[in-house]
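Novice: To start, I am sharing the structure in question, which I have written as structure tokens.
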Amino acid sequence: MSPVNSPANFDFHCHSVVSDGLLPPAELARRAAANGVDLWALTDHDAIGGLPEAAAAAAECGMGFISGVEISIEWQGTPIHIVGLGFDPQAPALVSGLESLRQGRVERARRMAEALAAIGIPGVFEGAMRYAGNPSLISRAHFARYLVEAGVAKDVPSVFQYYLTPGKPGYVDHRWATLEDAIGWIGAAGGVAVVAHPARYKVSNGELRRFLDAFKDTGGQGLEVVCGSHTPDHVLHFARLARHYGFHASRGSDFHGPGESYVDLGRLPGLPEDLKPIWRLVG
Ligand code: AMP
Ligand code: MN
Ligand code: MN
Ligand code: MN
């Protein structure tokens, strides 16, 4: 059973300073509650250290809370994000799997900084680290914030466009977790796996279908149908795919902080009514 019966406004995707968000977990909880969220998950990238603070603050606000995480995987060369929801945060396989992902991030960050130094932009590892609330969770978002400060580009989207995306000088390939790892860790911890922001991946429709086939075969159960980066057409498209695959539908802002995210916590359209909401499976 969910901690809230039929939540009117659930938001199962956002980031705190424990990964690449701008606010501490407790502030996110208060902001979510003030925005009318009644069931909430914090889903930091590859990290669950913010969950105790988030849970306590949610309880103080009288808001329902479930555990969450956004796991970075690579599937046939494409980076993809899998949200895990409603798991036991102490489960050993999940804890050690996320730990190994974070170790890989620090090593990747050094390679990114070397690549940028090679084109005449020095000191980026140290600079980006100053923006990381959690050094082991160093992310391209921290690089982008520092590179704006350093005057390399005018804003965060421009840094991604010119420096931090595939083919650009600061982008390096990286081995993330596998699909089997992510779904296995989440499942062993009693949670459910959801494909995050499916419109964001640089794959053809056919490749996305093949990925969704593999995700379902491996035990995945959910698809983010409503999210901060989806247009109304995306919502219709992914609602159709959720029906086709029998997936439960999730909804999440992917809020990173004021000024950096277009969509605030809980300020999203509702799910199409015939879909099975993912909150039925968690809590
Ligand atoms: P990483 O997990 O280190 O590869 O960093 C990915 C993070 O960078 C995402 O979760 C977003 O927070 C941010 N990001 C990725 N692409 C963009 C973009 N085009 N503009 C702004 N932020 C982005
Ligand atoms: Mn992020
Ligand atoms: Mn993501
Ligand atoms: Mn996210």
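All residue names refer to the structure tokens as shown: chains lettered A, B, ... in order, residues numbered from 1 in each chain, ligands numbered from 1 in order.
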Chain A near ligand 3 within 10 Å: what's each residue's closest atom pair and its distance in Å to one decimal, counting only C-alpha atoms and all ligand atoms, ordered by chain then ascending residue number, as a tab-separated table?
Specialist:
```
residue	atom	partner	partner_atom_place_in_ligand_line	distance
A:His13	CA	ligand 3	1 (Mn)	8.9
A:Cys14	CA	ligand 3	1 (Mn)	9.2
A:His15	CA	ligand 3	1 (Mn)	9.6
A:Thr43	CA	ligand 3	1 (Mn)	9.5
A:Asp44	CA	ligand 3	1 (Mn)	9.3
A:His45	CA	ligand 3	1 (Mn)	7.6
A:Glu70	CA	ligand 3	1 (Mn)	6.8
A:Ile71	CA	ligand 3	1 (Mn)	8.3
A:Ser72	CA	ligand 3	1 (Mn)	7.8
A:Pro79	CA	ligand 3	1 (Mn)	9.5
A:Ile80	CA	ligand 3	1 (Mn)	7.6
A:His81	CA	ligand 3	1 (Mn)	5.3
A:Ile82	CA	ligand 3	1 (Mn)	7.9
A:Val83	CA	ligand 3	1 (Mn)	8.4
A:Val195	CA	ligand 3	1 (Mn)	9.5
A:Ala196	CA	ligand 3	1 (Mn)	6.2
A:His197	CA	ligand 3	1 (Mn)	6.7
A:Pro198	CA	ligand 3	1 (Mn)	9.4
A:Arg200	CA	ligand 3	1 (Mn)	8.5
A:Tyr201	CA	ligand 3	1 (Mn)	9.9
A:Asp254	CA	ligand 3	1 (Mn)	7.4
```
Novice: Let me see if you get this right: every residue at most 7 Å from ligand 1, counting only C-alpha atoms and all ligand atoms, written as a ChimeraX atom specification.
Specialist: /A:20,45,72,138-141,156-157,160-161,256
Novice: What does the file look like for those residues with all heavy atoms, as a JSON list (two decimals), in the first residue's frame?
Specialist:
```json
[["chain", "number", "residue", "atom", "x", "y", "z"],
["A", 20, "ASP", "N", 23.55, 16.34, -8.05],
["A", 20, "ASP", "CA", 23.83, 17.59, -8.76],
["A", 20, "ASP", "C", 22.70, 18.61, -8.64],
["A", 20, "ASP", "O", 22.60, 19.51, -9.46],
["A", 20, "ASP", "CB", 24.18, 17.32, -10.22],
["A", 20, "ASP", "CG", 23.08, 16.60, -10.97],
["A", 20, "ASP", "OD1", 22.04, 16.29, -10.35],
["A", 20, "ASP", "OD2", 23.26, 16.34, -12.17],
["A", 45, "HIS", "N", 21.28, 11.12, -8.33],
["A", 45, "HIS", "CA", 22.05, 10.26, -9.22],
["A", 45, "HIS", "C", 22.96, 9.34, -8.41],
["A", 45, "HIS", "O", 23.81, 9.82, -7.63],
["A", 45, "HIS", "CB", 22.98, 11.10, -10.12],
["A", 45, "HIS", "CG", 22.28, 12.03, -11.06],
["A", 45, "HIS", "ND1", 21.65, 11.60, -12.20],
["A", 45, "HIS", "CD2", 22.15, 13.38, -11.05],
["A", 45, "HIS", "CE1", 21.16, 12.65, -12.85],
["A", 45, "HIS", "NE2", 21.44, 13.74, -12.17],
["A", 72, "SER", "N", 22.69, 5.52, -13.24],
["A", 72, "SER", "CA", 23.27, 5.76, -14.57],
["A", 72, "SER", "C", 23.68, 4.42, -15.18],
["A", 72, "SER", "O", 24.52, 3.72, -14.62],
["A", 72, "SER", "CB", 24.52, 6.63, -14.45],
["A", 72, "SER", "OG", 24.30, 7.76, -13.63],
["A", 138, "ILE", "N", 30.54, 13.68, -8.35],
["A", 138, "ILE", "CA", 30.89, 14.71, -9.32],
["A", 138, "ILE", "C", 30.19, 14.42, -10.66],
["A", 138, "ILE", "O", 30.24, 13.30, -11.16],
["A", 138, "ILE", "CB", 32.44, 14.81, -9.45],
["A", 138, "ILE", "CG1", 32.85, 15.92, -10.39],
["A", 138, "ILE", "CG2", 33.06, 13.49, -9.85],
["A", 138, "ILE", "CD1", 32.79, 17.28, -9.77],
["A", 139, "SER", "N", 29.53, 15.44, -11.20],
["A", 139, "SER", "CA", 28.67, 15.26, -12.38],
["A", 139, "SER", "C", 29.02, 16.31, -13.43],
["A", 139, "SER", "O", 29.63, 17.34, -13.13],
["A", 139, "SER", "CB", 27.21, 15.40, -11.93],
["A", 139, "SER", "OG", 26.41, 16.05, -12.87],
["A", 140, "ARG", "N", 28.59, 16.05, -14.65],
["A", 140, "ARG", "CA", 28.78, 17.07, -15.70],
["A", 140, "ARG", "C", 28.10, 18.38, -15.31],
["A", 140, "ARG", "O", 28.54, 19.45, -15.75],
["A", 140, "ARG", "CB", 28.23, 16.56, -17.04],
["A", 140, "ARG", "CG", 29.16, 15.57, -17.74],
["A", 140, "ARG", "CD", 28.61, 15.19, -19.10],
["A", 140, "ARG", "NE", 27.38, 14.44, -18.98],
["A", 140, "ARG", "CZ", 26.43, 14.36, -19.92],
["A", 140, "ARG", "NH1", 26.58, 15.00, -21.07],
["A", 140, "ARG", "NH2", 25.35, 13.63, -19.72],
["A", 141, "ALA", "N", 27.05, 18.32, -14.51],
["A", 141, "ALA", "CA", 26.37, 19.56, -14.09],
["A", 141, "ALA", "C", 27.33, 20.44, -13.28],
["A", 141, "ALA", "O", 27.31, 21.67, -13.42],
["A", 141, "ALA", "CB", 25.13, 19.22, -13.27],
["A", 156, "VAL", "N", 24.71, 27.38, -18.53],
["A", 156, "VAL", "CA", 24.88, 25.93, -18.42],
["A", 156, "VAL", "C", 24.48, 25.20, -19.72],
["A", 156, "VAL", "O", 25.23, 24.35, -20.21],
["A", 156, "VAL", "CB", 24.10, 25.40, -17.19],
["A", 156, "VAL", "CG1", 23.89, 23.90, -17.25],
["A", 156, "VAL", "CG2", 24.87, 25.78, -15.91],
["A", 157, "PRO", "N", 23.32, 25.51, -20.33],
["A", 157, "PRO", "CA", 22.99, 24.80, -21.58],
["A", 157, "PRO", "C", 24.07, 24.99, -22.66],
["A", 157, "PRO", "O", 24.39, 24.04, -23.40],
["A", 157, "PRO", "CB", 21.66, 25.43, -22.02],
["A", 157, "PRO", "CG", 21.05, 25.91, -20.74],
["A", 157, "PRO", "CD", 22.20, 26.36, -19.89],
["A", 160, "PHE", "N", 27.00, 22.64, -22.07],
["A", 160, "PHE", "CA", 26.70, 21.28, -22.54],
["A", 160, "PHE", "C", 26.80, 21.23, -24.07],
["A", 160, "PHE", "O", 27.40, 20.32, -24.63],
["A", 160, "PHE", "CB", 25.32, 20.83, -22.07],
["A", 160, "PHE", "CG", 25.36, 20.21, -20.70],
["A", 160, "PHE", "CD1", 25.16, 20.97, -19.56],
["A", 160, "PHE", "CD2", 25.66, 18.86, -20.54],
["A", 160, "PHE", "CE1", 25.24, 20.40, -18.29],
["A", 160, "PHE", "CE2", 25.73, 18.28, -19.28],
["A", 160, "PHE", "CZ", 25.51, 19.06, -18.16],
["A", 161, "GLN", "N", 26.23, 22.22, -24.72],
["A", 161, "GLN", "CA", 26.19, 22.22, -26.19],
["A", 161, "GLN", "C", 27.60, 22.23, -26.79],
["A", 161, "GLN", "O", 27.86, 21.50, -27.74],
["A", 161, "GLN", "CB", 25.40, 23.44, -26.67],
["A", 161, "GLN", "CG", 25.16, 23.44, -28.16],
["A", 161, "GLN", "CD", 24.36, 24.69, -28.58],
["A", 161, "GLN", "OE1", 23.83, 25.44, -27.76],
["A", 161, "GLN", "NE2", 24.28, 24.88, -29.89],
["A", 256, "HIS", "N", 16.17, 20.28, -10.39],
["A", 256, "HIS", "CA", 17.54, 20.36, -9.88],
["A", 256, "HIS", "C", 17.75, 21.61, -9.02],
["A", 256, "HIS", "O", 18.70, 21.65, -8.25],
["A", 256, "HIS", "CB", 18.55, 20.38, -11.03],
["A", 256, "HIS", "CG", 18.85, 19.04, -11.63],
["A", 256, "HIS", "ND1", 17.94, 18.32, -12.36],
["A", 256, "HIS", "CD2", 19.98, 18.27, -11.60],
["A", 256, "HIS", "CE1", 18.48, 17.18, -12.77],
["A", 256, "HIS", "NE2", 19.72, 17.13, -12.31]]
```
Novice: Nearest residue to Leu164 of chain A out of A:Met112, A:Ile186, A:Leu94, A:Ala57, using only C-alpha atoms?
Specialist: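 Going through A:Met112, A:Ile186, A:Leu94, A:Ala57 one by one, the smallest distance to Leu164 of chain A is for A:Met112.
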Novice: Could you give me, as a list in words, the residues within 10 Å of Gly133 of chain A, counting only C-alpha atoms and dropping anything in the same chain fewer than 6 positions from it?
Specialist: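 Skipping anything fewer than 6 positions along the chain leaves Ser16, Val17, Val18, Ser19, Asp20, Gly21, Leu22, Leu23, Pro24 and His142 of chain A.
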Novice: From the options A:Leu28, A:Val106, A:Leu212, A:Ala115, which residue's atoms come nearest to Leu179 of chain A, counting only C-alpha atoms?
Specialist: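 So, comparing all the options, the nearest one is A:Leu212.
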Novice: Determine which residues of segment 10-204 of chain A DSSP labels as helix (DSSP H, G or I) from the backbone of this structure, then write them out as a ChimeraX atom specification.
Specialist: /A:25-34,51-61,92-118,124-129,135-137,140-149,156-164,179-188,198-200
Novice: Could you tell me, as a ChimeraX atom specification, which residues of segment 40-276 of chain A DSSP assigns to strand (DSSP E) when given the backbone?
Specialist: /A:40-41,64-66,68-75,78-85,192-195,222-227,248-252
Novice: Selected residues, N, CA and C atoms, written as a CSV table (one decimal), in the first residue's frame, please.
Specialist:
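File out29.csv, as written:
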```
chain,number,residue,atom,x,y,z
A,40,TRP,N,6.1,11.9,-2.4
A,40,TRP,CA,7.3,12.5,-3.0
A,40,TRP,C,8.5,11.4,-2.9
A,41,ALA,N,9.4,11.5,-3.9
A,41,ALA,CA,10.6,10.7,-3.8
A,41,ALA,C,11.8,11.6,-4.2
A,64,GLY,N,3.7,12.4,2.2
A,64,GLY,CA,4.1,11.0,2.0
A,64,GLY,C,5.5,10.9,1.3
A,65,PHE,N,6.3,9.9,1.6
A,65,PHE,CA,7.6,9.8,1.1
A,65,PHE,C,8.0,8.4,0.8
A,66,ILE,N,8.7,8.1,-0.3
A,66,ILE,CA,9.2,6.8,-0.6
A,66,ILE,C,10.7,7.0,-1.0
A,68,GLY,N,14.1,6.7,-3.2
A,68,GLY,CA,14.3,6.8,-4.7
A,68,GLY,C,15.8,7.0,-5.0
A,69,VAL,N,16.2,6.7,-6.3
A,69,VAL,CA,17.5,6.9,-6.8
A,69,VAL,C,17.4,6.9,-8.3
A,70,GLU,N,18.4,7.6,-9.0
A,70,GLU,CA,18.4,7.6,-10.4
A,70,GLU,C,19.8,7.0,-10.8
A,71,ILE,N,19.7,5.8,-11.4
A,71,ILE,CA,20.9,5.0,-11.6
A,71,ILE,C,21.4,5.2,-13.1
A,72,SER,N,22.7,5.5,-13.2
A,72,SER,CA,23.3,5.8,-14.6
A,72,SER,C,23.7,4.4,-15.2
A,73,ILE,N,23.1,4.1,-16.3
A,73,ILE,CA,23.5,2.8,-17.0
A,73,ILE,C,23.9,3.2,-18.4
A,74,GLU,N,24.6,2.2,-19.0
A,74,GLU,CA,24.9,2.3,-20.5
A,74,GLU,C,24.3,1.1,-21.1
A,75,TRP,N,23.5,1.3,-22.2
A,75,TRP,CA,22.9,0.2,-22.9
A,75,TRP,C,23.3,0.3,-24.4
A,78,THR,N,24.6,3.6,-25.3
A,78,THR,CA,23.8,4.8,-25.0
A,78,THR,C,23.7,4.9,-23.5
A,79,PRO,N,24.0,6.1,-23.0
A,79,PRO,CA,23.8,6.3,-21.5
A,79,PRO,C,22.3,6.5,-21.3
A,80,ILE,N,21.7,5.8,-20.3
A,80,ILE,CA,20.3,5.8,-20.0
A,80,ILE,C,20.2,5.9,-18.5
A,81,HIS,N,19.1,6.5,-18.0
A,81,HIS,CA,18.9,6.6,-16.6
A,81,HIS,C,17.7,5.8,-16.1
A,82,ILE,N,17.9,5.0,-15.1
A,82,ILE,CA,16.8,4.1,-14.5
A,82,ILE,C,16.5,4.6,-13.1
A,83,VAL,N,15.3,5.0,-12.9
A,83,VAL,CA,14.9,5.4,-11.5
A,83,VAL,C,14.4,4.2,-10.7
A,84,GLY,N,14.9,4.1,-9.5
A,84,GLY,CA,14.5,3.0,-8.6
A,84,GLY,C,13.6,3.7,-7.5
A,85,LEU,N,12.5,3.0,-7.2
A,85,LEU,CA,11.6,3.6,-6.2
A,85,LEU,C,11.2,2.5,-5.2
A,192,VAL,N,11.0,-0.9,-7.3
A,192,VAL,CA,10.6,-1.0,-8.8
A,192,VAL,C,11.4,-0.1,-9.6
A,193,ALA,N,11.7,-0.6,-10.9
A,193,ALA,CA,12.6,0.1,-11.8
A,193,ALA,C,11.7,0.9,-12.8
A,194,VAL,N,12.1,2.1,-13.1
A,194,VAL,CA,11.4,3.0,-14.0
A,194,VAL,C,12.3,3.6,-15.0
A,195,VAL,N,12.0,3.6,-16.3
A,195,VAL,CA,12.8,4.3,-17.3
A,195,VAL,C,12.6,5.9,-17.1
A,222,GLY,N,8.2,0.2,-14.9
A,222,GLY,CA,7.7,1.6,-15.0
A,222,GLY,C,8.3,2.4,-16.1
A,223,LEU,N,7.5,3.4,-16.6
A,223,LEU,CA,8.0,4.4,-17.6
A,223,LEU,C,7.6,5.8,-17.1
A,224,GLU,N,8.5,6.7,-17.2
A,224,GLU,CA,8.1,8.1,-16.8
A,224,GLU,C,7.4,8.7,-18.0
A,225,VAL,N,6.1,8.9,-17.8
A,225,VAL,CA,5.2,9.4,-18.9
A,225,VAL,C,5.1,10.9,-18.8
A,226,VAL,N,5.0,11.4,-17.6
A,226,VAL,CA,5.0,12.8,-17.4
A,226,VAL,C,6.2,13.2,-16.7
A,227,CYS,N,7.0,14.1,-17.4
A,227,CYS,CA,8.2,14.6,-16.7
A,227,CYS,C,8.6,15.9,-17.2
A,248,HIS,N,3.6,0.5,-15.6
A,248,HIS,CA,3.0,1.5,-14.8
A,248,HIS,C,3.7,2.8,-15.1
A,249,ALA,N,2.9,3.9,-15.0
A,249,ALA,CA,3.4,5.2,-15.4
A,249,ALA,C,3.9,6.0,-14.2
A,250,SER,N,5.0,6.7,-14.4
A,250,SER,CA,5.5,7.6,-13.4
A,250,SER,C,5.5,9.0,-13.8
A,251,ARG,N,5.7,9.9,-12.8
A,251,ARG,CA,5.5,11.3,-13.0
A,251,ARG,C,6.6,12.0,-12.2
A,252,GLY,N,7.5,12.8,-12.8
A,252,GLY,CA,8.5,13.4,-12.0
A,252,GLY,C,9.1,14.7,-12.7
```
Novice: Looking at only C-alpha atoms, which of A:Pro92, A:Pro52, A:Ser261, A:Ala144 is the one that sits closest to Ala188 of chain A?
Specialist: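 Residue with the minimum atom-to-atom distance to Ala188 of chain A: A:Pro92.
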Novice: For a quick check of understanding, using only C-alpha atoms, which of A:Arg110, A:Asp38, A:Tyr245, A:Phe10 has the smallest distance to Arg210 of chain A?
Specialist: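 The shortest atom-to-atom distance to Arg210 of chain A comes from A:Tyr245.
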Novice: Just how far from atom CA of Gly97 of chain A is atom CA of Lys168 of chain A, in Å to one decimal?
Specialist: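 About the pair atom CA of Lys168 of chain A and atom CA of Gly97 of chain A: they are 29.2 Å apart.
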Novice: Of the candidates A:Leu116, A:Ala47, A:Leu275, A:Ile121, which one gets nearest to ligand 2 if we count only C-alpha atoms and all ligand atoms?
Specialist: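 Distance minimum relative to ligand 2 lands on A:Ala47.
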Novice: Any idea what's packed within 9 Å of Ala8 of chain A, counting only C-alpha atoms, ignoring anything in its chain fewer than 2 positions away? Could you give it as a PyMOL selection string?
Specialist: chain A and resi 5-6+10+36-39+270
